[in-house]
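Colleague: File final34.txt follows (compact mmCIF, N, CA and C atoms):
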# COMPACT_ATOMS: atom_id res chain seq x y z
N MET A 1 48.15 -66.93 -105.45
CA MET A 1 47.41 -65.84 -106.06
C MET A 1 46.13 -65.59 -105.24
N ALA A 2 45.88 -64.36 -104.93
CA ALA A 2 44.70 -63.99 -104.15
C ALA A 2 43.45 -64.08 -105.02
N ILE A 3 42.39 -64.55 -104.41
CA ILE A 3 41.10 -64.62 -105.08
C ILE A 3 40.22 -63.52 -104.50
N SER A 4 39.59 -62.76 -105.35
CA SER A 4 38.77 -61.64 -104.88
C SER A 4 37.45 -62.14 -104.29
N ARG A 5 36.85 -61.28 -103.51
CA ARG A 5 35.55 -61.59 -102.92
C ARG A 5 34.53 -61.86 -104.03
N ALA A 6 34.59 -61.08 -105.10
CA ALA A 6 33.67 -61.27 -106.22
C ALA A 6 33.88 -62.64 -106.87
N ASP A 7 35.13 -63.07 -106.99
CA ASP A 7 35.42 -64.39 -107.56
C ASP A 7 34.87 -65.50 -106.66
N ARG A 8 35.05 -65.35 -105.35
CA ARG A 8 34.52 -66.36 -104.42
C ARG A 8 33.00 -66.42 -104.52
N ARG A 9 32.38 -65.28 -104.64
CA ARG A 9 30.92 -65.23 -104.77
C ARG A 9 30.48 -65.99 -106.03
N ARG A 10 31.18 -65.72 -107.14
CA ARG A 10 30.84 -66.42 -108.39
C ARG A 10 31.02 -67.93 -108.25
N GLU A 11 32.10 -68.34 -107.59
CA GLU A 11 32.35 -69.77 -107.41
C GLU A 11 31.27 -70.43 -106.54
N ARG A 12 30.76 -69.70 -105.56
CA ARG A 12 29.76 -70.26 -104.64
C ARG A 12 28.34 -70.22 -105.20
N THR A 13 28.12 -69.42 -106.21
CA THR A 13 26.76 -69.19 -106.72
C THR A 13 26.03 -70.48 -107.11
N PRO A 14 26.61 -71.39 -107.91
CA PRO A 14 25.86 -72.59 -108.29
C PRO A 14 25.38 -73.40 -107.08
N ARG A 15 26.24 -73.59 -106.10
CA ARG A 15 25.86 -74.35 -104.90
C ARG A 15 24.75 -73.65 -104.13
N VAL A 16 24.88 -72.33 -104.00
CA VAL A 16 23.89 -71.55 -103.25
C VAL A 16 22.56 -71.52 -103.99
N VAL A 17 22.58 -71.38 -105.30
CA VAL A 17 21.34 -71.42 -106.09
C VAL A 17 20.67 -72.77 -105.92
N GLY A 18 21.46 -73.84 -105.92
CA GLY A 18 20.90 -75.17 -105.74
C GLY A 18 20.21 -75.35 -104.40
N LEU A 19 20.70 -74.69 -103.38
CA LEU A 19 20.11 -74.80 -102.04
C LEU A 19 18.94 -73.85 -101.82
N PHE A 20 19.09 -72.61 -102.29
CA PHE A 20 18.13 -71.57 -101.94
C PHE A 20 17.24 -71.13 -103.08
N GLY A 21 17.57 -71.54 -104.31
CA GLY A 21 16.79 -71.11 -105.47
C GLY A 21 17.28 -69.76 -105.98
N GLU A 22 16.91 -69.45 -107.20
CA GLU A 22 17.36 -68.22 -107.85
C GLU A 22 16.95 -66.96 -107.09
N ASP A 23 15.74 -66.95 -106.54
CA ASP A 23 15.24 -65.74 -105.88
C ASP A 23 15.97 -65.42 -104.58
N ARG A 24 16.27 -66.44 -103.79
CA ARG A 24 16.88 -66.20 -102.48
C ARG A 24 18.40 -66.34 -102.48
N ALA A 25 18.97 -66.81 -103.57
CA ALA A 25 20.43 -66.98 -103.64
C ALA A 25 21.20 -65.68 -103.39
N PRO A 26 20.78 -64.55 -103.96
CA PRO A 26 21.53 -63.31 -103.68
C PRO A 26 21.56 -62.96 -102.19
N ILE A 27 20.48 -63.23 -101.49
CA ILE A 27 20.43 -62.96 -100.05
C ILE A 27 21.42 -63.87 -99.33
N ALA A 28 21.42 -65.14 -99.67
CA ALA A 28 22.34 -66.09 -99.05
C ALA A 28 23.79 -65.73 -99.36
N LEU A 29 24.07 -65.32 -100.58
CA LEU A 29 25.42 -64.92 -100.96
C LEU A 29 25.85 -63.66 -100.21
N ASP A 30 24.91 -62.73 -100.01
CA ASP A 30 25.21 -61.54 -99.21
C ASP A 30 25.58 -61.93 -97.78
N LEU A 31 24.85 -62.88 -97.23
CA LEU A 31 25.16 -63.31 -95.86
C LEU A 31 26.53 -63.99 -95.79
N LEU A 32 26.86 -64.77 -96.79
CA LEU A 32 28.20 -65.38 -96.81
C LEU A 32 29.29 -64.32 -96.90
N GLU A 33 29.01 -63.25 -97.63
CA GLU A 33 29.97 -62.15 -97.71
C GLU A 33 30.12 -61.47 -96.34
N LEU A 34 29.02 -61.26 -95.66
CA LEU A 34 29.10 -60.70 -94.30
C LEU A 34 29.85 -61.64 -93.37
N THR A 35 29.67 -62.93 -93.56
CA THR A 35 30.40 -63.91 -92.76
C THR A 35 31.90 -63.78 -93.00
N GLU A 36 32.29 -63.55 -94.25
CA GLU A 36 33.70 -63.33 -94.54
C GLU A 36 34.25 -62.12 -93.78
N LEU A 37 33.50 -61.05 -93.75
CA LEU A 37 33.94 -59.85 -93.05
C LEU A 37 34.08 -60.11 -91.55
N ALA A 38 33.12 -60.81 -90.99
CA ALA A 38 33.19 -61.16 -89.56
C ALA A 38 34.34 -62.11 -89.30
N TRP A 39 34.54 -63.06 -90.20
CA TRP A 39 35.64 -64.02 -90.05
C TRP A 39 36.98 -63.29 -90.02
N HIS A 40 37.11 -62.33 -90.93
CA HIS A 40 38.35 -61.56 -90.98
C HIS A 40 38.57 -60.81 -89.67
N ASP A 41 37.51 -60.21 -89.14
CA ASP A 41 37.64 -59.48 -87.88
C ASP A 41 38.02 -60.40 -86.72
N CYS A 42 37.49 -61.61 -86.73
CA CYS A 42 37.73 -62.54 -85.61
C CYS A 42 39.03 -63.32 -85.77
N TYR A 43 39.35 -63.74 -86.98
CA TYR A 43 40.46 -64.67 -87.18
C TYR A 43 41.61 -64.10 -88.01
N GLY A 44 41.41 -62.90 -88.59
CA GLY A 44 42.47 -62.29 -89.38
C GLY A 44 42.69 -62.95 -90.73
N GLU A 45 41.79 -63.80 -91.14
CA GLU A 45 41.88 -64.47 -92.43
C GLU A 45 40.83 -63.87 -93.37
N THR A 46 41.13 -63.84 -94.65
CA THR A 46 40.25 -63.21 -95.63
C THR A 46 38.88 -63.85 -95.67
N THR A 47 38.86 -65.16 -95.59
CA THR A 47 37.60 -65.90 -95.71
C THR A 47 37.69 -67.18 -94.89
N PRO A 48 36.56 -67.71 -94.46
CA PRO A 48 36.62 -69.02 -93.79
C PRO A 48 37.13 -70.08 -94.75
N PRO A 49 37.74 -71.13 -94.23
CA PRO A 49 38.14 -72.25 -95.09
C PRO A 49 36.92 -72.84 -95.82
N ASP A 50 37.18 -73.45 -96.96
CA ASP A 50 36.09 -74.03 -97.74
C ASP A 50 35.24 -74.99 -96.91
N GLY A 51 35.87 -75.75 -96.02
CA GLY A 51 35.12 -76.69 -95.19
C GLY A 51 34.13 -76.00 -94.28
N VAL A 52 34.48 -74.84 -93.78
CA VAL A 52 33.56 -74.08 -92.93
C VAL A 52 32.38 -73.58 -93.75
N ILE A 53 32.65 -73.08 -94.95
CA ILE A 53 31.56 -72.63 -95.83
C ILE A 53 30.64 -73.81 -96.15
N GLU A 54 31.23 -74.96 -96.44
CA GLU A 54 30.41 -76.15 -96.74
C GLU A 54 29.56 -76.54 -95.53
N ASP A 55 30.13 -76.49 -94.34
CA ASP A 55 29.37 -76.81 -93.13
C ASP A 55 28.22 -75.83 -92.93
N ILE A 56 28.47 -74.55 -93.16
CA ILE A 56 27.41 -73.53 -93.04
C ILE A 56 26.26 -73.87 -94.00
N LEU A 57 26.61 -74.15 -95.25
CA LEU A 57 25.58 -74.44 -96.25
C LEU A 57 24.84 -75.73 -95.94
N LEU A 58 25.57 -76.75 -95.50
CA LEU A 58 24.93 -78.02 -95.16
C LEU A 58 23.91 -77.83 -94.05
N LEU A 59 24.31 -77.15 -92.99
CA LEU A 59 23.41 -76.97 -91.85
C LEU A 59 22.25 -76.04 -92.16
N SER A 60 22.39 -75.21 -93.17
CA SER A 60 21.29 -74.30 -93.53
C SER A 60 20.10 -75.06 -94.09
N ASP A 61 20.38 -76.16 -94.78
CA ASP A 61 19.32 -76.97 -95.40
C ASP A 61 18.36 -76.12 -96.25
N GLY A 62 18.93 -75.10 -96.89
CA GLY A 62 18.12 -74.27 -97.78
C GLY A 62 17.26 -73.24 -97.09
N SER A 63 17.45 -73.04 -95.79
CA SER A 63 16.67 -72.07 -95.02
C SER A 63 17.54 -70.86 -94.69
N ILE A 64 17.06 -69.67 -95.04
CA ILE A 64 17.82 -68.46 -94.72
C ILE A 64 17.99 -68.32 -93.21
N GLU A 65 16.97 -68.66 -92.45
CA GLU A 65 17.06 -68.56 -91.00
C GLU A 65 18.16 -69.48 -90.46
N ARG A 66 18.22 -70.70 -90.96
CA ARG A 66 19.27 -71.63 -90.52
C ARG A 66 20.64 -71.21 -91.04
N LEU A 67 20.67 -70.58 -92.21
CA LEU A 67 21.93 -70.06 -92.73
C LEU A 67 22.49 -68.99 -91.78
N ILE A 68 21.62 -68.11 -91.32
CA ILE A 68 22.04 -67.08 -90.37
C ILE A 68 22.59 -67.73 -89.10
N GLN A 69 21.88 -68.70 -88.57
CA GLN A 69 22.33 -69.37 -87.34
C GLN A 69 23.67 -70.08 -87.56
N SER A 70 23.81 -70.73 -88.69
CA SER A 70 25.04 -71.47 -88.99
C SER A 70 26.21 -70.52 -89.19
N ALA A 71 25.97 -69.42 -89.87
CA ALA A 71 27.03 -68.44 -90.10
C ALA A 71 27.49 -67.84 -88.77
N ARG A 72 26.55 -67.55 -87.89
CA ARG A 72 26.90 -67.01 -86.58
C ARG A 72 27.72 -68.01 -85.79
N LEU A 73 27.28 -69.26 -85.82
CA LEU A 73 28.02 -70.31 -85.11
C LEU A 73 29.43 -70.46 -85.69
N ALA A 74 29.56 -70.36 -86.99
CA ALA A 74 30.88 -70.48 -87.63
C ALA A 74 31.84 -69.43 -87.10
N VAL A 75 31.36 -68.22 -86.96
CA VAL A 75 32.22 -67.13 -86.51
C VAL A 75 32.50 -67.22 -85.01
N THR A 76 31.50 -67.60 -84.23
CA THR A 76 31.71 -67.64 -82.78
C THR A 76 32.47 -68.88 -82.34
N ASP A 77 32.23 -70.02 -82.97
CA ASP A 77 32.99 -71.24 -82.64
C ASP A 77 32.84 -72.25 -83.78
N TRP A 78 33.76 -72.16 -84.74
CA TRP A 78 33.68 -73.01 -85.92
C TRP A 78 33.79 -74.49 -85.57
N ARG A 79 34.38 -74.83 -84.42
CA ARG A 79 34.48 -76.25 -84.04
C ARG A 79 33.11 -76.83 -83.72
N ASP A 80 32.27 -76.04 -83.05
CA ASP A 80 30.90 -76.49 -82.80
C ASP A 80 30.13 -76.66 -84.10
N LEU A 81 30.39 -75.77 -85.05
CA LEU A 81 29.77 -75.89 -86.37
C LEU A 81 30.17 -77.22 -87.00
N ARG A 82 31.46 -77.55 -86.93
CA ARG A 82 31.96 -78.79 -87.53
C ARG A 82 31.32 -80.01 -86.87
N VAL A 83 31.20 -79.99 -85.55
CA VAL A 83 30.58 -81.12 -84.84
C VAL A 83 29.13 -81.29 -85.29
N ALA A 84 28.39 -80.19 -85.39
CA ALA A 84 26.99 -80.27 -85.83
C ALA A 84 26.90 -80.77 -87.27
N ALA A 85 27.78 -80.29 -88.14
CA ALA A 85 27.76 -80.73 -89.54
C ALA A 85 28.14 -82.20 -89.65
N ASP A 86 29.14 -82.63 -88.92
CA ASP A 86 29.54 -84.03 -88.96
C ASP A 86 28.42 -84.93 -88.43
N ASP A 87 27.73 -84.47 -87.40
CA ASP A 87 26.60 -85.23 -86.87
C ASP A 87 25.52 -85.38 -87.93
N LEU A 88 25.22 -84.31 -88.62
CA LEU A 88 24.21 -84.36 -89.69
C LEU A 88 24.67 -85.29 -90.82
N ARG A 89 25.93 -85.19 -91.19
CA ARG A 89 26.45 -86.06 -92.26
C ARG A 89 26.34 -87.54 -91.88
N SER A 90 26.54 -87.84 -90.62
CA SER A 90 26.47 -89.25 -90.18
C SER A 90 25.04 -89.79 -90.25
N ARG A 91 24.06 -88.89 -90.27
CA ARG A 91 22.66 -89.32 -90.30
C ARG A 91 22.06 -89.32 -91.69
N ILE A 92 22.77 -88.78 -92.68
CA ILE A 92 22.19 -88.73 -94.05
C ILE A 92 22.94 -89.67 -94.97
Mind turning this structure into structure tokens?

Modeller:
Amino acid sequence: MAISRADRRRERTPRVVGLFGEDRAPIALDLLELTELAWHDCYGETTPPDGVIEDILLLSDGSIERLIQSARLAVTDWRDLRVAADDLRSRI
């Protein structure tokens, strides 16, 4: 069964609010939606895998600027994103 973009946004909201706060969460969710559109253009898939979204959020560390950088890296080379996220996980 296909999940709509609106449903994915709702599912991601608690995690994003926890990272960015109520005020900045809509901006972060908008960026994740743009990431989905770019992902579709690059990879032909509706949305990045959950692991890629988790890596983007982890590397953002609650910063919109880092979220932008992580989202861009995810679309241009998700493997580099995974390496950076795994490196961070090994240190925390």

Colleague: Nearest to Gly21 (chain A): which of A:Gly62, A:Asp7, A:Arg72, A:Asp50 is it, counting all atoms listed in the file?

Modeller: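 Looking only at the distances to Gly21 (chain A), the closest residue turns out to be A:Gly62.
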
Colleague: So which residues are close to (29.5, -67.5, -88.2), meaning at most 12 Å away in the file's coordinates with only C-alpha atoms counted, and can you show them as an mmCIF file with N, CA and C atoms, in the frame of the given file?

Modeller:
data_model
loop_
_atom_site.group_PDB
_atom_site.id
_atom_site.type_symbol
_atom_site.label_atom_id
_atom_site.label_comp_id
_atom_site.auth_asym_id
_atom_site.auth_seq_id
_atom_site.Cartn_x
_atom_site.Cartn_y
_atom_site.Cartn_z
ATOM 1 N N LEU A 31 24.850 -62.880 -97.230
ATOM 2 C CA LEU A 31 25.160 -63.310 -95.860
ATOM 3 C C LEU A 31 26.530 -63.990 -95.790
ATOM 4 N N LEU A 32 26.860 -64.770 -96.790
ATOM 5 C CA LEU A 32 28.200 -65.380 -96.810
ATOM 6 C C LEU A 32 29.290 -64.320 -96.900
ATOM 7 N N GLU A 33 29.010 -63.250 -97.630
ATOM 8 C CA GLU A 33 29.970 -62.150 -97.710
ATOM 9 C C GLU A 33 30.120 -61.470 -96.340
ATOM 10 N N LEU A 34 29.020 -61.260 -95.660
ATOM 11 C CA LEU A 34 29.100 -60.700 -94.300
ATOM 12 C C LEU A 34 29.850 -61.640 -93.370
ATOM 13 N N THR A 35 29.670 -62.930 -93.560
ATOM 14 C CA THR A 35 30.400 -63.910 -92.760
ATOM 15 C C THR A 35 31.900 -63.780 -93.000
ATOM 16 N N GLU A 36 32.290 -63.550 -94.250
ATOM 17 C CA GLU A 36 33.700 -63.330 -94.540
ATOM 18 C C GLU A 36 34.250 -62.120 -93.780
ATOM 19 N N LEU A 37 33.500 -61.050 -93.750
ATOM 20 C CA LEU A 37 33.940 -59.850 -93.050
ATOM 21 C C LEU A 37 34.080 -60.110 -91.550
ATOM 22 N N ALA A 38 33.120 -60.810 -90.990
ATOM 23 C CA ALA A 38 33.190 -61.160 -89.560
ATOM 24 C C ALA A 38 34.340 -62.110 -89.300
ATOM 25 N N TRP A 39 34.540 -63.060 -90.200
ATOM 26 C CA TRP A 39 35.640 -64.020 -90.050
ATOM 27 C C TRP A 39 36.980 -63.290 -90.020
ATOM 28 N N HIS A 40 37.110 -62.330 -90.930
ATOM 29 C CA HIS A 40 38.350 -61.560 -90.980
ATOM 30 C C HIS A 40 38.570 -60.810 -89.670
ATOM 31 N N ASP A 41 37.510 -60.210 -89.140
ATOM 32 C CA ASP A 41 37.640 -59.480 -87.880
ATOM 33 C C ASP A 41 38.020 -60.400 -86.720
ATOM 34 N N CYS A 42 37.490 -61.610 -86.730
ATOM 35 C CA CYS A 42 37.730 -62.540 -85.610
ATOM 36 C C CYS A 42 39.030 -63.320 -85.770
ATOM 37 N N TYR A 43 39.350 -63.740 -86.980
ATOM 38 C CA TYR A 43 40.460 -64.670 -87.180
ATOM 39 C C TYR A 43 41.610 -64.100 -88.010
ATOM 40 N N THR A 47 38.860 -65.160 -95.590
ATOM 41 C CA THR A 47 37.600 -65.900 -95.710
ATOM 42 C C THR A 47 37.690 -67.180 -94.890
ATOM 43 N N PRO A 48 36.560 -67.710 -94.460
ATOM 44 C CA PRO A 48 36.620 -69.020 -93.790
ATOM 45 C C PRO A 48 37.130 -70.080 -94.750
ATOM 46 N N VAL A 52 34.480 -74.840 -93.780
ATOM 47 C CA VAL A 52 33.560 -74.080 -92.930
ATOM 48 C C VAL A 52 32.380 -73.580 -93.750
ATOM 49 N N ILE A 53 32.650 -73.080 -94.950
ATOM 50 C CA ILE A 53 31.560 -72.630 -95.830
ATOM 51 C C ILE A 53 30.640 -73.810 -96.150
ATOM 52 N N ASP A 55 30.130 -76.490 -94.340
ATOM 53 C CA ASP A 55 29.370 -76.810 -93.130
ATOM 54 C C ASP A 55 28.220 -75.830 -92.930
ATOM 55 N N ILE A 56 28.470 -74.550 -93.160
ATOM 56 C CA ILE A 56 27.410 -73.530 -93.040
ATOM 57 C C ILE A 56 26.260 -73.870 -94.000
ATOM 58 N N LEU A 57 26.610 -74.150 -95.250
ATOM 59 C CA LEU A 57 25.580 -74.440 -96.250
ATOM 60 C C LEU A 57 24.840 -75.730 -95.940
ATOM 61 N N LEU A 59 24.310 -77.150 -92.990
ATOM 62 C CA LEU A 59 23.410 -76.970 -91.850
ATOM 63 C C LEU A 59 22.250 -76.040 -92.160
ATOM 64 N N SER A 60 22.390 -75.210 -93.170
ATOM 65 C CA SER A 60 21.290 -74.300 -93.530
ATOM 66 C C SER A 60 20.100 -75.060 -94.090
ATOM 67 N N ARG A 66 18.220 -70.700 -90.960
ATOM 68 C CA ARG A 66 19.270 -71.630 -90.520
ATOM 69 C C ARG A 66 20.640 -71.210 -91.040
ATOM 70 N N LEU A 67 20.670 -70.580 -92.210
ATOM 71 C CA LEU A 67 21.930 -70.060 -92.730
ATOM 72 C C LEU A 67 22.490 -68.990 -91.780
ATOM 73 N N ILE A 68 21.620 -68.110 -91.320
ATOM 74 C CA ILE A 68 22.040 -67.080 -90.370
ATOM 75 C C ILE A 68 22.590 -67.730 -89.100
ATOM 76 N N GLN A 69 21.880 -68.700 -88.570
ATOM 77 C CA GLN A 69 22.330 -69.370 -87.340
ATOM 78 C C GLN A 69 23.670 -70.080 -87.560
ATOM 79 N N SER A 70 23.810 -70.730 -88.690
ATOM 80 C CA SER A 70 25.040 -71.470 -88.990
ATOM 81 C C SER A 70 26.210 -70.520 -89.190
ATOM 82 N N ALA A 71 25.970 -69.420 -89.870
ATOM 83 C CA ALA A 71 27.030 -68.440 -90.100
ATOM 84 C C ALA A 71 27.490 -67.840 -88.770
ATOM 85 N N ARG A 72 26.550 -67.550 -87.890
ATOM 86 C CA ARG A 72 26.900 -67.010 -86.580
ATOM 87 C C ARG A 72 27.720 -68.010 -85.790
ATOM 88 N N LEU A 73 27.280 -69.260 -85.820
ATOM 89 C CA LEU A 73 28.020 -70.310 -85.110
ATOM 90 C C LEU A 73 29.430 -70.460 -85.690
ATOM 91 N N ALA A 74 29.560 -70.360 -86.990
ATOM 92 C CA ALA A 74 30.880 -70.480 -87.630
ATOM 93 C C ALA A 74 31.840 -69.430 -87.100
ATOM 94 N N VAL A 75 31.360 -68.220 -86.960
ATOM 95 C CA VAL A 75 32.220 -67.130 -86.510
ATOM 96 C C VAL A 75 32.500 -67.220 -85.010
ATOM 97 N N THR A 76 31.500 -67.600 -84.230
ATOM 98 C CA THR A 76 31.710 -67.640 -82.780
ATOM 99 C C THR A 76 32.470 -68.880 -82.340
ATOM 100 N N ASP A 77 32.230 -70.020 -82.970
ATOM 101 C CA ASP A 77 32.990 -71.240 -82.640
ATOM 102 C C ASP A 77 32.840 -72.250 -83.780
ATOM 103 N N TRP A 78 33.760 -72.160 -84.740
ATOM 104 C CA TRP A 78 33.680 -73.010 -85.920
ATOM 105 C C TRP A 78 33.790 -74.490 -85.570
ATOM 106 N N ARG A 79 34.380 -74.830 -84.420
ATOM 107 C CA ARG A 79 34.480 -76.250 -84.040
ATOM 108 C C ARG A 79 33.110 -76.830 -83.720
ATOM 109 N N ASP A 80 32.270 -76.040 -83.050
ATOM 110 C CA ASP A 80 30.900 -76.490 -82.800
ATOM 111 C C ASP A 80 30.130 -76.660 -84.100
ATOM 112 N N LEU A 81 30.390 -75.770 -85.050
ATOM 113 C CA LEU A 81 29.770 -75.890 -86.370
ATOM 114 C C LEU A 81 30.170 -77.220 -87.000
ATOM 115 N N ARG A 82 31.460 -77.550 -86.930
ATOM 116 C CA ARG A 82 31.960 -78.790 -87.530
ATOM 117 C C ARG A 82 31.320 -80.010 -86.870
#

Colleague: Quick check, in Å to one decimal: how far apart do atom N of Arg5 (chain A) and CA of Glu45 (chain A) lie?

Modeller: 12.6 Å

Colleague: Give me, please, the distance in Å between atom C of Arg15 (chain A) and CA of Leu29 (chain A), quoted to one decimal.

Modeller: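 For atom C of Arg15 (chain A) relative to CA of Leu29 (chain A), the distance reads 9.3 Å.
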
Colleague: Give me, please, the distance in Å between CA of Pro26 (chain A) and CA of Ala84 (chain A), quoted to one decimal.

Modeller: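 Here the two named atoms are 25.2 Å from each other.
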
Colleague: Where does DSSP see alpha helix (DSSP H) in region 15-67 of chain A, if you list the residues as a short mmCIF file (atom, residue, chain, number, x, y, z; two decimals) with N, CA and C atoms, in the coordinates of the input?

Modeller:
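Written output follows (result-v6.cif):
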data_model
loop_
_atom_site.label_atom_id
_atom_site.label_comp_id
_atom_site.auth_asym_id
_atom_site.auth_seq_id
_atom_site.Cartn_x
_atom_site.Cartn_y
_atom_site.Cartn_z
N ARG A 15 26.24 -73.59 -106.10
CA ARG A 15 25.86 -74.35 -104.90
C ARG A 15 24.75 -73.65 -104.13
N VAL A 16 24.88 -72.33 -104.00
CA VAL A 16 23.89 -71.55 -103.25
C VAL A 16 22.56 -71.52 -103.99
N VAL A 17 22.58 -71.38 -105.30
CA VAL A 17 21.34 -71.42 -106.09
C VAL A 17 20.67 -72.77 -105.92
N GLY A 18 21.46 -73.84 -105.92
CA GLY A 18 20.90 -75.17 -105.74
C GLY A 18 20.21 -75.35 -104.40
N LEU A 19 20.70 -74.69 -103.38
CA LEU A 19 20.11 -74.80 -102.04
C LEU A 19 18.94 -73.85 -101.82
N PHE A 20 19.09 -72.61 -102.29
CA PHE A 20 18.13 -71.57 -101.94
C PHE A 20 17.24 -71.13 -103.08
N GLY A 21 17.57 -71.54 -104.31
CA GLY A 21 16.79 -71.11 -105.47
C GLY A 21 17.28 -69.76 -105.98
N GLU A 22 16.91 -69.45 -107.20
CA GLU A 22 17.36 -68.22 -107.85
C GLU A 22 16.95 -66.96 -107.09
N ASP A 23 15.74 -66.95 -106.54
CA ASP A 23 15.24 -65.74 -105.88
C ASP A 23 15.97 -65.42 -104.58
N ARG A 24 16.27 -66.44 -103.79
CA ARG A 24 16.88 -66.20 -102.48
C ARG A 24 18.40 -66.34 -102.48
N ALA A 25 18.97 -66.81 -103.57
CA ALA A 25 20.43 -66.98 -103.64
C ALA A 25 21.20 -65.68 -103.39
N PRO A 26 20.78 -64.55 -103.96
CA PRO A 26 21.53 -63.31 -103.68
C PRO A 26 21.56 -62.96 -102.19
N ILE A 27 20.48 -63.23 -101.49
CA ILE A 27 20.43 -62.96 -100.05
C ILE A 27 21.42 -63.87 -99.33
N ALA A 28 21.42 -65.14 -99.67
CA ALA A 28 22.34 -66.09 -99.05
C ALA A 28 23.79 -65.73 -99.36
N LEU A 29 24.07 -65.32 -100.58
CA LEU A 29 25.42 -64.92 -100.96
C LEU A 29 25.85 -63.66 -100.21
N ASP A 30 24.91 -62.73 -100.01
CA ASP A 30 25.21 -61.54 -99.21
C ASP A 30 25.58 -61.93 -97.78
N LEU A 31 24.85 -62.88 -97.23
CA LEU A 31 25.16 -63.31 -95.86
C LEU A 31 26.53 -63.99 -95.79
N LEU A 32 26.86 -64.77 -96.79
CA LEU A 32 28.20 -65.38 -96.81
C LEU A 32 29.29 -64.32 -96.90
N GLU A 33 29.01 -63.25 -97.63
CA GLU A 33 29.97 -62.15 -97.71
C GLU A 33 30.12 -61.47 -96.34
N LEU A 34 29.02 -61.26 -95.66
CA LEU A 34 29.10 -60.70 -94.30
C LEU A 34 29.85 -61.64 -93.37
N THR A 35 29.67 -62.93 -93.56
CA THR A 35 30.40 -63.91 -92.76
C THR A 35 31.90 -63.78 -93.00
N GLU A 36 32.29 -63.55 -94.25
CA GLU A 36 33.70 -63.33 -94.54
C GLU A 36 34.25 -62.12 -93.78
N LEU A 37 33.50 -61.05 -93.75
CA LEU A 37 33.94 -59.85 -93.05
C LEU A 37 34.08 -60.11 -91.55
N ALA A 38 33.12 -60.81 -90.99
CA ALA A 38 33.19 -61.16 -89.56
C ALA A 38 34.34 -62.11 -89.30
N TRP A 39 34.54 -63.06 -90.20
CA TRP A 39 35.64 -64.02 -90.05
C TRP A 39 36.98 -63.29 -90.02
N HIS A 40 37.11 -62.33 -90.93
CA HIS A 40 38.35 -61.56 -90.98
C HIS A 40 38.57 -60.81 -89.67
N ASP A 41 37.51 -60.21 -89.14
CA ASP A 41 37.64 -59.48 -87.88
C ASP A 41 38.02 -60.40 -86.72
N CYS A 42 37.49 -61.61 -86.73
CA CYS A 42 37.73 -62.54 -85.61
C CYS A 42 39.03 -63.32 -85.77
N TYR A 43 39.35 -63.74 -86.98
CA TYR A 43 40.46 -64.67 -87.18
C TYR A 43 41.61 -64.10 -88.01
N ASP A 50 37.18 -73.45 -96.96
CA ASP A 50 36.09 -74.03 -97.74
C ASP A 50 35.24 -74.99 -96.91
N GLY A 51 35.87 -75.75 -96.02
CA GLY A 51 35.12 -76.69 -95.19
C GLY A 51 34.13 -76.00 -94.28
N VAL A 52 34.48 -74.84 -93.78
CA VAL A 52 33.56 -74.08 -92.93
C VAL A 52 32.38 -73.58 -93.75
N ILE A 53 32.65 -73.08 -94.95
CA ILE A 53 31.56 -72.63 -95.83
C ILE A 53 30.64 -73.81 -96.15
N GLU A 54 31.23 -74.96 -96.44
CA GLU A 54 30.41 -76.15 -96.74
C GLU A 54 29.56 -76.54 -95.53
N ASP A 55 30.13 -76.49 -94.34
CA ASP A 55 29.37 -76.81 -93.13
C ASP A 55 28.22 -75.83 -92.93
N ILE A 56 28.47 -74.55 -93.16
CA ILE A 56 27.41 -73.53 -93.04
C ILE A 56 26.26 -73.87 -94.00
N LEU A 57 26.61 -74.15 -95.25
CA LEU A 57 25.58 -74.44 -96.25
C LEU A 57 24.84 -75.73 -95.94
N LEU A 58 25.57 -76.75 -95.50
CA LEU A 58 24.93 -78.02 -95.16
C LEU A 58 23.91 -77.83 -94.05
N LEU A 59 24.31 -77.15 -92.99
CA LEU A 59 23.41 -76.97 -91.85
C LEU A 59 22.25 -76.04 -92.16
N SER A 60 22.39 -75.21 -93.17
CA SER A 60 21.29 -74.30 -93.53
C SER A 60 20.10 -75.06 -94.09
N ILE A 64 17.06 -69.67 -95.04
CA ILE A 64 17.82 -68.46 -94.72
C ILE A 64 17.99 -68.32 -93.21
N GLU A 65 16.97 -68.66 -92.45
CA GLU A 65 17.06 -68.56 -91.00
C GLU A 65 18.16 -69.48 -90.46
N ARG A 66 18.22 -70.70 -90.96
CA ARG A 66 19.27 -71.63 -90.52
C ARG A 66 20.64 -71.21 -91.04
N LEU A 67 20.67 -70.58 -92.21
CA LEU A 67 21.93 -70.06 -92.73
C LEU A 67 22.49 -68.99 -91.78
#
